[in-house]
Amino acid sequence: MERINKILKHDLFLCHLEKNNTAEAERRFCRHNITHFLDVARIGWILNLEEDLHIEKEWIYAAALLHDIGKHVQYEDGTPHEKASGSIAPEILKDCGFEDEESENIVEAILSHRDASVMQEKNLRGILYRADKASRSCFACKAEAECDWKRDKKNLTIKY
């Protein structure tokens with residue numbers, strides 16, 4: 001997990017993480033912060049093990065840590081956050097020792113993490129999509145009734 005720990009200390013990662021935190025300081029709904037990123041990573045790892053997919057742990061953690069890193073850009077100028085995150089991620093991944101092919105797979109997963117058509121895929125894209133959706137604790141959220149997620153998407157029970 002050496003490369004993952006490099007991401008956590010990377011100046012660009014920390015800068016965008018802080019921008020997300022500032023942009024969402026008053027947000028009542030789910031936040032796009034380090035807690036969410038780590039929840040997605042850990043659920044992704046569980047899914048990988050349960051489904052016997054043999055995806056590298058560092059790929060899952062890297063995709064999870066970076067999938068929403070550009071959320072603040074969406075608030076600032078309307079750019080979909082998967083695109084903003086997909087633009088930010090390559091520099092961080094390269095600096096942290098990921099090879100080009102690894103980075104391409106991780107960025108592809110980031111770019112498609114909101115695309116329901118990848119939900120059932122048995123690869124990094126599918127894992128990131130499912131882990132991201134499963135990470136939300138709707139059952140304990142004070143703003144759940146006001147959330148615009150459709151009821152069938154909400155996590156009203158614990159699965160992971």
# chains A, B, ... in the order shown; residues from 1 in each chain; ligands from 1
$ select_by_dssp --residues "segment 40-132 of chain A" --states "helix (DSSP H, G or I)" --output "MDAnalysis selection string"
chainID A and resid 40:50 57:66 71:77 81:95 100:111 116:118 124:132
$ residues_around --residues "Ile7 of chain A" --least-positions-apart "5" --cutoff "8 Å" --atoms "only C-alpha atoms" --output "count of residues only"
5
$ closest_residue --among "A:Glu146, A:Asp132, A:Asp100, A:Glu108" --to "Leu65 of chain A" --atoms "only C-alpha atoms"
A:Asp132
$ closest_residue --among "A:Asp115, A:Glu121, A:Asp52, A:Glu58" --to "Arg3 of chain A" --atoms "only C-alpha atoms"
A:Glu58
$ residues_around --residues "Cys147 of chain A" --least-positions-apart "5" --cutoff "12 Å" --atoms "only C-alpha atoms" --output "list of chain:residue names"
A:Arg27, A:Arg28, A:Phe29, A:Cys30, A:Arg136, A:Cys138, A:Phe139, A:Cys141, A:Lys142, A:Lys153, A:Lys154, A:Asn155
$ closest_residue --among "A:Arg151, A:His72, A:His81, A:His113" --to "Thr22 of chain A" --atoms "only C-alpha atoms"
A:His72
$ residues_around --residues "Ala131 of chain A" --least-positions-apart "5" --cutoff "10 Å" --atoms "only C-alpha atoms" --output "JSON, numbers by chain"
{"A": [37, 39, 40, 41, 42, 43, 44, 45, 46, 47, 48, 60, 64, 113, 119, 126, 136, 160]}
$ closest_residue --among "A:Arg31, A:His16, A:His67, A:Lys6" --to "Leu124 of chain A" --atoms "only C-alpha atoms"
A:His67
$ closest_residue --among "A:Leu17, A:Leu12, A:Ala25, A:Met1" --to "Asp95 of chain A" --atoms "only C-alpha atoms"
A:Leu12
$ closest_residue --among "A:Ile55, A:Glu104, A:Ser135, A:Gly70" --to "His36 of chain A" --atoms "only C-alpha atoms"
A:Ser135
$ residues_around --residues "segment 82-89 of chain A" --least-positions-apart "2" --cutoff "8 Å" --atoms "only C-alpha atoms" --output "number ranges by chain"
A: 66-71, 73-74, 79-80, 91-93, 107-108, 110-114
